[in-house]
Structure formats: structure tokens, C-alpha cells
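*Asks:* Next comes data.cif, mmCIF, C-alpha atoms:
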data_start
loop_
_atom_site.label_atom_id
_atom_site.label_comp_id
_atom_site.auth_asym_id
_atom_site.auth_seq_id
_atom_site.Cartn_x
_atom_site.Cartn_y
_atom_site.Cartn_z
CA MET U 1 -40.31 -3.96 -1.02
CA SER U 2 -40.41 -5.14 -4.63
CA ASP U 3 -37.55 -4.92 -7.11
CA LYS U 4 -39.28 -1.99 -8.81
CA ASP U 5 -39.53 -0.19 -5.47
CA HIS U 6 -35.84 -0.88 -4.85
CA SER U 7 -34.69 0.71 -8.07
CA SER U 8 -36.73 3.87 -7.46
CA ALA U 9 -35.95 4.20 -3.74
CA ASP U 10 -33.24 6.53 -2.45
CA ASP U 11 -30.21 5.24 -0.55
CA ARG U 12 -31.62 6.15 2.85
CA THR U 13 -34.79 4.12 2.26
CA LEU U 14 -32.80 1.18 0.91
CA VAL U 15 -30.49 1.22 3.92
CA GLN U 16 -33.46 1.21 6.30
CA SER U 17 -34.98 -1.76 4.47
CA ALA U 18 -31.65 -3.58 4.40
CA GLN U 19 -31.22 -2.99 8.13
CA LYS U 20 -34.49 -4.88 8.62
CA GLY U 21 -33.08 -7.80 6.63
CA ASP U 22 -34.21 -6.95 3.08
CA MET U 23 -31.42 -8.50 1.01
CA GLY U 24 -32.95 -7.17 -2.19
CA ALA U 25 -32.55 -3.60 -0.92
CA PHE U 26 -28.91 -4.32 -0.09
CA GLU U 27 -28.35 -5.78 -3.53
CA GLU U 28 -29.63 -2.54 -5.06
CA LEU U 29 -27.17 -0.58 -2.90
CA VAL U 30 -24.37 -2.82 -4.11
CA ALA U 31 -25.39 -2.27 -7.73
CA ARG U 32 -25.43 1.50 -7.26
CA HIS U 33 -22.09 1.85 -5.49
CA ARG U 34 -20.08 -1.11 -6.74
CA ASP U 35 -18.06 0.87 -9.29
CA LYS U 36 -17.05 3.48 -6.75
CA ILE U 37 -16.04 0.90 -4.13
CA TYR U 38 -14.13 -1.15 -6.69
CA ALA U 39 -12.43 1.98 -8.10
CA ARG U 40 -11.21 2.94 -4.63
CA ALA U 41 -9.83 -0.53 -4.02
CA PHE U 42 -8.19 -0.56 -7.44
CA SER U 43 -6.58 2.86 -6.92
CA MET U 44 -4.98 1.56 -3.74
CA MET U 45 -4.14 -2.01 -4.69
CA ARG U 46 -3.28 -1.54 -8.39
CA ASN U 47 -4.40 -5.10 -9.02
CA GLU U 48 -7.78 -5.97 -10.53
CA GLU U 49 -8.24 -9.34 -8.83
CA GLU U 50 -7.28 -8.05 -5.40
CA ALA U 51 -9.52 -5.04 -5.86
CA ILE U 52 -12.49 -7.28 -6.74
CA ASP U 53 -11.86 -9.54 -3.74
CA LEU U 54 -11.44 -6.68 -1.30
CA SER U 55 -14.46 -4.82 -2.61
CA GLN U 56 -16.59 -7.94 -2.14
CA GLU U 57 -15.21 -8.41 1.35
CA ALA U 58 -16.13 -4.80 2.04
CA TRP U 59 -19.72 -5.45 0.97
CA VAL U 60 -19.99 -8.48 3.22
CA LYS U 61 -18.65 -6.44 6.14
CA GLY U 62 -21.04 -3.66 5.22
CA TRP U 63 -23.97 -6.07 5.51
CA GLN U 64 -22.72 -7.35 8.86
CA ARG U 65 -22.24 -3.84 10.25
CA LEU U 66 -25.29 -2.22 8.69
CA HIS U 67 -26.89 -1.74 12.09
CA GLN U 68 -23.96 0.60 12.95
CA PHE U 69 -24.70 2.97 10.07
CA GLN U 70 -26.55 5.93 11.51
CA GLY U 71 -26.50 8.27 8.50
CA GLU U 72 -23.84 10.74 9.70
CA SER U 73 -22.23 10.37 6.27
CA SER U 74 -23.60 9.13 2.97
CA PHE U 75 -23.83 5.38 2.54
CA GLY U 76 -21.27 5.51 -0.27
CA THR U 77 -18.76 7.32 1.95
CA TRP U 78 -19.37 4.83 4.76
CA MET U 79 -18.69 1.94 2.40
CA THR U 80 -15.54 3.51 0.95
CA ARG U 81 -14.14 3.82 4.45
CA ILE U 82 -14.69 0.10 4.97
CA VAL U 83 -12.92 -0.81 1.74
CA ILE U 84 -10.07 1.62 2.45
CA ASN U 85 -9.40 -0.02 5.82
CA LEU U 86 -9.43 -3.47 4.24
CA CYS U 87 -6.98 -2.30 1.58
CA LEU U 88 -4.70 -0.73 4.17
CA ASP U 89 -4.66 -3.97 6.17
CA GLN U 90 -3.79 -5.92 3.04
CA LEU U 91 -1.08 -3.45 2.00
CA ARG U 92 0.52 -3.60 5.46
CA LYS U 93 0.52 -7.38 5.28
CA GLN U 94 2.14 -7.27 1.84
CA LYS U 95 4.72 -4.73 2.95
CA ARG U 96 5.86 -7.02 5.76
CA GLN U 97 6.33 -9.79 3.21
CA ARG U 98 7.95 -7.69 0.53
CA THR U 99 11.58 -6.54 0.52
CA GLU U 100 11.74 -2.83 -0.03
CA SER U 101 13.03 -1.58 -3.34
CA ILE U 102 15.78 1.01 -3.45
CA GLU U 103 13.44 3.48 -5.06
CA ALA U 104 10.94 3.07 -2.26
CA MET U 105 13.69 3.66 0.29
CA ASP U 106 14.69 6.81 -1.58
CA GLU U 107 11.08 7.96 -1.42
CA GLU U 108 10.92 7.31 2.29
CA SER U 109 14.15 9.12 3.09
CA GLY U 110 12.78 12.10 1.15
CA GLY U 111 14.61 15.06 -0.24
CA VAL U 112 14.63 14.48 -3.99
CA GLU U 113 11.26 16.13 -4.53
CA ARG U 114 12.49 19.32 -2.88
CA GLN U 115 15.11 19.88 -5.57
CA MET U 116 13.09 18.81 -8.59
CA PRO U 117 12.67 21.62 -11.13
CA VAL U 118 9.21 23.07 -11.32
CA ILE U 119 7.19 21.79 -14.26
CA THR U 120 5.77 24.88 -15.87
CA ILE U 121 3.86 23.35 -18.77
CA ASN U 122 0.74 21.48 -17.78
CA PRO U 123 1.68 17.91 -18.84
CA THR U 124 -1.94 16.89 -19.26
CA ALA U 125 -3.11 19.78 -21.40
CA GLY U 126 -4.73 18.75 -24.67
CA LEU U 127 -5.05 15.09 -23.74
CA GLU U 128 -8.23 13.16 -24.28
CA ARG U 129 -9.86 11.77 -21.18
CA ASN U 130 -8.97 8.14 -21.87
CA GLU U 131 -5.38 8.95 -22.68
CA LEU U 132 -5.08 11.07 -19.56
CA ARG U 133 -6.55 8.29 -17.45
CA GLN U 134 -4.08 5.79 -18.88
CA ARG U 135 -1.15 8.07 -18.12
CA ILE U 136 -2.32 8.72 -14.59
CA ASP U 137 -2.88 5.00 -14.14
CA LYS U 138 0.69 4.30 -15.23
CA ALA U 139 2.13 7.07 -13.07
CA LEU U 140 0.17 5.95 -9.97
CA SER U 141 1.58 2.45 -10.37
CA GLN U 142 5.07 3.83 -10.03
CA LEU U 143 4.49 5.38 -6.62
CA SER U 144 5.22 3.41 -3.48
CA TYR U 145 2.19 2.21 -1.56
CA GLU U 146 2.61 4.86 1.16
CA HIS U 147 2.71 7.74 -1.32
CA ARG U 148 -0.09 6.35 -3.44
CA THR U 149 -2.27 5.78 -0.37
CA VAL U 150 -1.82 9.35 0.86
CA MET U 151 -2.67 10.62 -2.61
CA VAL U 152 -5.78 8.42 -2.86
CA LEU U 153 -7.01 9.37 0.59
CA HIS U 154 -6.50 13.08 -0.04
CA GLU U 155 -7.43 13.48 -3.68
CA PHE U 156 -10.20 10.87 -4.01
CA GLU U 157 -11.47 10.36 -0.50
CA GLU U 158 -11.01 14.10 0.24
CA MET U 159 -9.72 13.46 3.73
CA GLU U 160 -8.00 16.21 5.69
CA TYR U 161 -4.37 15.82 6.72
CA LYS U 162 -5.15 14.89 10.32
CA GLU U 163 -7.69 12.29 9.25
CA ILE U 164 -5.17 10.72 6.87
CA ALA U 165 -2.58 10.72 9.65
CA LYS U 166 -4.98 8.87 11.95
CA THR U 167 -5.94 6.36 9.24
CA MET U 168 -2.36 5.62 8.28
CA GLY U 169 -0.96 5.74 11.79
CA CYS U 170 1.62 8.44 11.11
CA SER U 171 2.17 12.11 11.92
CA ILE U 172 0.58 15.02 10.06
CA GLY U 173 4.08 16.10 9.02
CA THR U 174 4.65 12.71 7.41
CA VAL U 175 1.34 12.97 5.56
CA MET U 176 2.28 16.40 4.23
CA SER U 177 5.74 15.26 3.12
CA ARG U 178 4.41 12.12 1.44
CA LEU U 179 1.65 14.04 -0.33
CA PHE U 180 4.13 16.64 -1.54
CA TYR U 181 6.49 13.94 -2.81
CA ALA U 182 3.63 12.06 -4.50
CA ARG U 183 2.38 15.17 -6.30
CA ARG U 184 5.81 16.21 -7.52
CA LYS U 185 6.61 12.68 -8.61
CA MET U 186 3.28 12.44 -10.47
CA ALA U 187 3.98 15.73 -12.25
CA ALA U 188 7.42 14.49 -13.32
CA LEU U 189 6.06 11.11 -14.45
CA LEU U 190 3.27 12.72 -16.45
CA GLN U 191 5.83 15.05 -18.03
CA ASP U 192 8.01 12.04 -18.97
CA LEU U 193 5.03 10.23 -20.46
CA ARG U 194 4.13 13.32 -22.46
CA LYS U 195 7.67 13.52 -23.86
CA GLN U 196 7.63 9.79 -24.77
CA ASN U 197 4.46 10.25 -26.77
CA THR U 198 5.42 13.39 -28.71
CA MET E 1 12.77 27.76 -1.22
CA ASP E 2 13.10 25.61 1.90
CA HIS E 3 11.01 22.51 2.47
CA GLU E 4 8.92 24.13 5.17
CA LYS E 5 7.83 26.84 2.73
CA GLN E 6 7.09 24.24 0.08
CA LEU E 7 4.81 22.37 2.49
CA LYS E 8 3.15 25.62 3.50
CA LEU E 9 2.35 26.28 -0.18
CA GLN E 10 0.80 22.82 -0.38
CA SER E 11 -1.25 23.43 2.76
CA PHE E 12 -2.43 26.71 1.23
CA LEU E 13 -3.57 24.81 -1.87
CA ASP E 14 -5.36 22.20 0.28
CA GLU E 15 -7.04 24.86 2.47
CA GLU E 16 -5.41 23.45 5.58
CA LEU E 17 -4.15 26.83 6.83
CA SER E 18 -5.83 29.22 9.21
CA GLU E 19 -7.15 32.48 7.73
CA ALA E 20 -4.16 34.43 9.03
CA GLU E 21 -1.65 31.93 7.64
CA ALA E 22 -3.47 31.84 4.29
CA ARG E 23 -3.30 35.66 4.03
CA GLU E 24 0.42 35.52 4.79
CA VAL E 25 1.02 32.97 1.99
CA ALA E 26 -1.09 34.96 -0.45
CA SER E 27 1.00 38.08 0.10
CA TRP E 28 4.23 36.03 -0.23
CA LEU E 29 2.99 34.57 -3.53
CA ALA E 30 2.44 38.06 -4.92
CA LYS E 31 6.21 38.71 -4.61
CA ASP E 32 7.76 35.26 -5.29
CA GLN E 33 7.55 33.88 -8.83
CA GLU E 34 9.19 30.55 -7.92
CA ALA E 35 6.50 29.96 -5.33
CA THR E 36 3.79 30.92 -7.81
CA LEU E 37 5.12 28.42 -10.37
CA LEU E 38 5.36 25.62 -7.80
CA LEU E 39 1.81 26.28 -6.66
CA ALA E 40 0.65 26.13 -10.29
CA GLU E 41 2.37 22.76 -10.74
CA LEU E 42 0.73 21.35 -7.61
CA ARG E 43 -2.63 22.69 -8.73
CA ASN E 44 -2.27 21.19 -12.22
CA THR E 45 -1.40 17.78 -10.80
CA ARG E 46 -4.34 17.85 -8.44
CA ALA E 47 -6.71 18.83 -11.25
CA ALA E 48 -5.28 16.14 -13.55
CA ILE E 49 -5.82 13.21 -11.21
CA ALA E 50 -9.15 14.33 -9.69
CA PRO E 51 -11.39 12.62 -12.29
CA PHE E 52 -9.28 9.46 -12.46
CA GLU E 53 -11.62 7.12 -10.56
CA ALA E 54 -14.73 8.30 -12.39
CA GLY E 55 -13.73 6.27 -15.41
CA ILE E 56 -13.11 3.01 -13.58
CA ARG E 57 -15.75 0.29 -13.96
CA LEU E 58 -16.01 -2.99 -12.11
CA PRO E 59 -15.11 -5.65 -14.67
CA GLU E 60 -17.79 -8.15 -13.59
CA ALA E 61 -21.46 -8.45 -14.42
CA ARG E 62 -23.90 -7.31 -11.73
CA GLU E 63 -25.46 -10.72 -11.07
CA PHE E 64 -22.15 -12.58 -10.93
CA TYR E 65 -20.56 -10.05 -8.59
CA TRP E 66 -23.60 -10.05 -6.31
CA SER E 67 -23.88 -13.84 -6.26
CA LYS E 68 -20.46 -14.17 -4.61
CA ILE E 69 -21.33 -11.58 -1.99
CA GLU E 70 -24.68 -13.20 -1.29
CA ARG E 71 -23.10 -16.64 -0.99
CA GLU E 72 -20.55 -15.39 1.51
CA ILE E 73 -23.18 -13.60 3.60
CA GLU E 74 -25.30 -16.76 3.70
CA ARG E 75 -22.29 -18.88 4.62
CA LEU E 76 -21.40 -16.61 7.51
CA GLU E 77 -24.97 -16.45 8.75
CA LYS E 78 -25.54 -20.21 8.55
CA PRO E 79 -26.04 -21.64 12.06
CA ALA E 80 -23.29 -23.97 13.33
CA PRO E 81 -24.11 -27.65 12.62
CA ALA E 82 -25.39 -29.76 15.55
CA LYS E 83 -22.85 -31.98 17.22
CA GLU E 84 -22.25 -34.98 14.98
CA LYS E 85 -22.86 -38.54 16.14
CA THR E 86 -19.92 -40.33 17.66
CA SER E 87 -17.39 -41.25 15.00
CA TRP E 88 -16.04 -44.74 14.51
CA LEU E 89 -12.86 -43.83 16.38
CA ALA E 90 -14.78 -42.68 19.43
CA ALA E 91 -16.79 -45.90 19.31
CA TRP E 92 -13.59 -47.97 19.24
CA ARG E 93 -12.22 -45.98 22.12
CA LYS E 94 -15.04 -47.23 24.29
CA ILE E 95 -13.66 -50.72 23.83
CA LEU E 96 -9.94 -49.91 23.77
CA VAL E 97 -9.81 -47.87 26.97
CA PRO E 98 -11.13 -50.47 29.35
CA ALA E 99 -9.19 -53.15 27.45
CA SER E 100 -5.92 -51.32 27.95
CA ALA E 101 -6.71 -50.76 31.63
CA VAL E 102 -7.24 -54.49 32.04
CA ALA E 103 -4.02 -55.21 30.16
CA ALA E 104 -2.13 -52.88 32.50
CA LEU E 105 -3.49 -54.68 35.52
CA VAL E 106 -2.55 -58.07 34.11
CA ILE E 107 0.99 -56.94 33.40
CA ALA E 108 1.26 -55.47 36.87
CA ALA E 109 0.06 -58.70 38.42
CA LEU E 110 2.47 -60.83 36.40
CA ILE E 111 5.40 -58.68 37.33
CA THR E 112 4.41 -58.73 40.99
CA ILE E 113 3.83 -62.46 41.09
CA GLY E 114 6.56 -63.31 38.58
CA PRO E 115 9.82 -65.21 39.13
CA PRO E 116 11.92 -64.06 42.08
CA ALA E 117 14.68 -61.60 41.31
CA SER E 118 18.03 -63.26 40.68
CA PRO E 119 20.93 -62.62 43.11
CA GLY E 120 22.18 -59.07 42.85
CA GLN E 121 18.92 -57.71 41.59
CA GLU E 122 16.31 -55.73 43.36
CA THR E 123 12.95 -54.90 42.06
CA GLU E 124 10.22 -52.66 43.22
CA SER E 125 6.78 -52.32 41.90
CA SER E 126 3.94 -50.12 42.94
CA TYR E 127 0.52 -49.16 41.75
CA SER E 128 -0.42 -45.61 42.76
CA ASP E 129 -3.90 -44.11 43.21
CA THR E 130 -3.51 -42.28 39.90
CA GLY E 131 -3.35 -45.60 38.09
CA ALA E 132 0.37 -45.30 37.30
CA PHE E 133 2.41 -48.40 37.83
CA THR E 134 6.16 -48.21 38.56
CA TYR E 135 8.73 -51.02 38.27
CA ARG E 136 12.39 -50.45 39.25
CA ASP E 137 15.38 -52.68 38.68
CA TYR E 138 18.17 -51.12 40.75
CA ASP E 139 20.83 -53.41 39.46
CA ALA E 140 20.07 -52.60 35.87
CA HIS E 141 19.44 -48.91 36.71
CA ALA E 142 16.13 -49.16 34.92
CA THR E 143 12.74 -47.78 35.79
CA LEU E 144 9.53 -48.57 33.98
CA VAL E 145 6.52 -46.37 34.50
CA TRP E 146 3.20 -47.56 33.12
CA LEU E 147 0.56 -44.87 32.72
CA SER E 148 -2.95 -46.17 32.28
CA TYR E 149 -5.13 -44.63 29.54
CA PRO E 150 -7.21 -41.60 30.70
CA GLU E 151 -10.77 -42.41 31.77
CA GLU E 152 -13.28 -42.80 28.99
CA ASN E 153 -15.36 -39.77 30.10
CA ASP E 154 -12.48 -37.31 29.76
CA LEU E 155 -12.07 -38.17 26.07
CA ALA E 156 -15.79 -38.29 25.27
CA ASP E 157 -16.24 -34.75 26.59
CA ALA E 158 -13.36 -33.46 24.46
CA GLY E 159 -15.15 -34.63 21.32
CA PRO E 160 -13.94 -36.81 18.45
CA ILE E 161 -10.26 -36.25 17.78
CA ASP E 162 -10.57 -36.92 14.07
CA LYS E 163 -12.65 -33.76 13.55
CA VAL E 164 -10.91 -30.35 13.39
CA GLN E 165 -12.92 -27.77 15.38
#
Do you think you could lay out the structure here as C-alpha cells?
*Replies:*
Amino acid sequence: MSDKDHSSADDRTLVQSAQKGDMGAFEELVARHRDKIYARAFSMMRNEEEAIDLSQEAWVKGWQRLHQFQGESSFGTWMTRIVINLCLDQLRKQKRQRTESIEAMDEESGGVERQMPVITINPTAGLERNELRQRIDKALSQLSYEHRTVMVLHEFEEMEYKEIAKTMGCSIGTVMSRLFYARRKMAALLQDLRKQNT
Amino acid sequence: MDHEKQLKLQSFLDEELSEAEAREVASWLAKDQEATLLLAELRNTRAAIAPFEAGIRLPEAREFYWSKIEREIERLEKPAPAKEKTSWLAAWRKILVPASAVAALVIAALITIGPPASPGQETESSYSDTGAFTYRDYDAHATLVWLSYPEENDLADAGPIDKVQ
């Protein structure tokens, strides 16, 4: 398949060619989905260099496991699952090495989000897209890795609670509590950022 | 509002409830303003972060990014190199092993034939089938055990020791 054929072919055709060893077809798949895979890694890792490394590792694994892809999901979804698992492994490794902050322990013990006052004004109303993205970026960085991961898996990967529980190795109840905490914390952080800028 | 109700509201938002449970929450929401406000907050947050990743771009050029992936794939798929020729250390070992075996024999012979033990001393020497040689001086409470170097073939099969596998 020529380069021109690659660029006009759909994902399914490219995958089939890549499964037969066509590296050019795989390169086209990488080009098409690289932003999405990198974005997922960055959302989880919050570090550009780590996200680049892990996304590349995901692509290498994707090539090695291409024969396992049967088309039950889209190729992009299949690849994001690979990068998510790599990020989770890396985060677990880092957690074992890192001493837990007091804030993180407070998050884990739970409770504070249940008493937080409800934020009635939409803190993101009237914001331009770039400004909103910056604020969300800043707020996401302030969540612990467990809460951020649950949020990423639910909001971006659109996983159900039980799927998240299986991926993270925790109970559905824990997923629900962490997601609830993460959402309430995000709302409060976005509200604070709005107040700082007005 | 207790925590269980708060989580139920969230599950309602995320469409994780059964139809019956969802109807129950909907009728509760119609009567409870606090619940309605909390649901609105959760909904706003979800809507705010949903498009976050769409704006993220990989900060590397296509060719550069791909070149690293391609290089790694090729490295992993490269066949393992053929066994290297014997290193200089392995070559030396061919000379050293028999030389040390001969030296052990000479020492054993000298000790066996050597000057008689002085009064009050006893000695014992032996050379076992394993190639170990034992010398005991009971008076001095000393025992010397000489272990000959393993056979050349054992080491050759294990490969050169200066190369990490």
C-alpha cells in the first residue's frame, strides 16, 4: 500500500495492513491518533515528558499486540486502553515511592466533600475555551492521582463505574465516592480560580 | 442530605441507575431544591471538563515522534546476536585450569613426601576422588583443604564470564 493509499484508507483497512507487517500503515495510524493517546496520558500523568514516553511505549505495545485486535472496539479506544494501563502502572510505582501528602490523606479519608456548600453559579460560564482549558488544567493538577484517574476514566474514557472499579482494583463504592469528591473539588477549585481572576 | 443520597444523585446523572431507581430519584428531585442544586453543580462540572482533552496536542513533530517508535520496534524485533567467539579470558582459562591442577598435585606431593613431622605433631593428608586435598595438623589445630579448579568443560559451557547475559 502506498503512502497515498495510507492517508485515504480507513482505520480498519490500515489495521489489517499493519497486521500483515505494513509499517507504513501503522505509522499512519499513529499520526491519526497520536494526539488523543498523548492527551490521555497527559491527563493522567500531568507531566509532558512522561506523557510522551508513555504514549510512545503504548504505540510500541500496540504494534506488538496488533494481532490481538479483533475490532470489537475502535482502534483508538483499543489504544487508549493500552496507554491507560501503562499510566496506571507508572502511577502505582510512583505512589509507592512517594510519601503521601496530608491533603491526599484527607481526600482518601473522605467526608469534606459531603459538607461543601453547593456552588450555584456555573464557574465556567462566559469563559473562552482556552481560558477554561487552562483553569481545568490547573484544577486537575490539584487532585490526587486516585481522584484524577477516576475522573479521567469516567469523563474522558466514558467507562462505567464497574469497569473503572476493575481497572483500578477497587470497589464500585470507592469509585463512586472518589468521583463525587473529584467533581465537588473541581467545582470548588474552578470557583476559586474564577474569584481570583475577577 | 446524607452521603448515600448524594451518591445516588451522582449515579442518576451518570445513568448508572435502573429505570425504577431513576424514576424514584426524579420524583425526589421534584420536591427537594437542595438536591436539584447539587445535581446542577455536578452537571455543570461534567460539562465543563468534557472538552478538556480535545485541545491537547502532542508537542512533537510527526516524523520525530514516529522515528523513536520505529527505532524501538526495530530494536525489539532484532534477532539475538550469534554467540560471540571465545573472549581472551576464556582463552586464558584453557591454560590456567590445567596449570592450577598440576600445581595442586605438586603441592600435594611435596607435602606428602616432605620432611617428617616433628615430635608432638601429627599430620594427615588425603586426596579424594573429587579432587579435594586435605592436610591436617592436629597439634596446631589446623586444617587445610585444597579445592582444585572446576573442570574446563563446566566453565566453557557457562559462557564467558566477562559478558553480562
*Asks:* Kindly provide, as a PyMOL selection string, the residues of chain E having any atom no farther than 9 Å from an atom of chain U, counting all atoms listed in the file.
*Replies:* chain E and resi 1-3+6-7+10-11+14+16+34+37-38+40-42+44-46+48-60+62+65-66+68-70+72-73
*Asks:* For the atom pair atom CA of Tyr181 of chain U and atom CA of Leu88 of chain U, what is the interatomic distance in Å to one decimal place?
*Replies:* 19.7 Å
*Asks:* Quick one: 5 Å padding each side, axis-aligned, all listed atoms of segment 61-76 of chain E - centre and edge lengths in Å to one decimal, as lines of an AutoDock Vina configuration file?
*Replies:*
center_x = -23.0
center_y = -13.1
center_z = -3.5
size_x = 15.0
size_y = 21.6
size_z = 31.9
*Asks:* What is the distance, in Å and to one decimal place, between atom CA of Trp78 of chain U and atom CA of Leu153 of chain U?
*Replies:* 13.8 Å
*Asks:* Record the distance separating atom CA of Arg178 of chain U and atom CA of Glu72 of chain U, expressed in Å with one decimal.
*Replies:* 29.5 Å
*Asks:* What lies within 12 Å of Asp22 of chain U using all atoms listed in the file, ignoring chain neighbours under 6 positions off, as a list in words?
*Replies:*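 So the residues in contact are Met1, Ser2, Asp3, His6, Thr13, Leu14, Val15, Gln16, Glu28, Leu29, Trp63 and Leu66 of chain U.
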*Asks:* Find the spatial neighbours of segment 45-47 of chain U, counting only C-alpha atoms, within a cut-off of 8 Å - ignore same-chain residues fewer than 5 positions away - and output them as a PyMOL selection string.
*Replies:* chain U and resi 87+91+141
*Asks:* Atoms to include: C-alpha atoms. Write the selected residues as a PDB file, in the frame of the given file.
*Replies:*
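selection-v2.pdb, freshly written:
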ATOM      1  CA  CYS U  87      -6.980  -2.300   1.580  1.00  0.00           C
ATOM      2  CA  LEU U  91      -1.080  -3.450   2.000  1.00  0.00           C
ATOM      3  CA  SER U 141       1.580   2.450 -10.370  1.00  0.00           C
TER       4      SER U 141
END
*Asks:* Please enumerate the residues selected by the PyMOL selection byres ((chain U and resi 92-98) around 12) when evaluated against the supplied file, formatted as a PyMOL selection string.
*Replies:* chain U and resi 44-45+50+85-91+99-101+104+144-146+149+168-169
*Asks:* Quick one: residues within 12 Å of Asp32 of chain E, only C-alpha atoms, excluding same-chain residues fewer than 6 positions away - as a ChimeraX atom specification?
*Replies:* /E:1,5,9,25-26,38-39
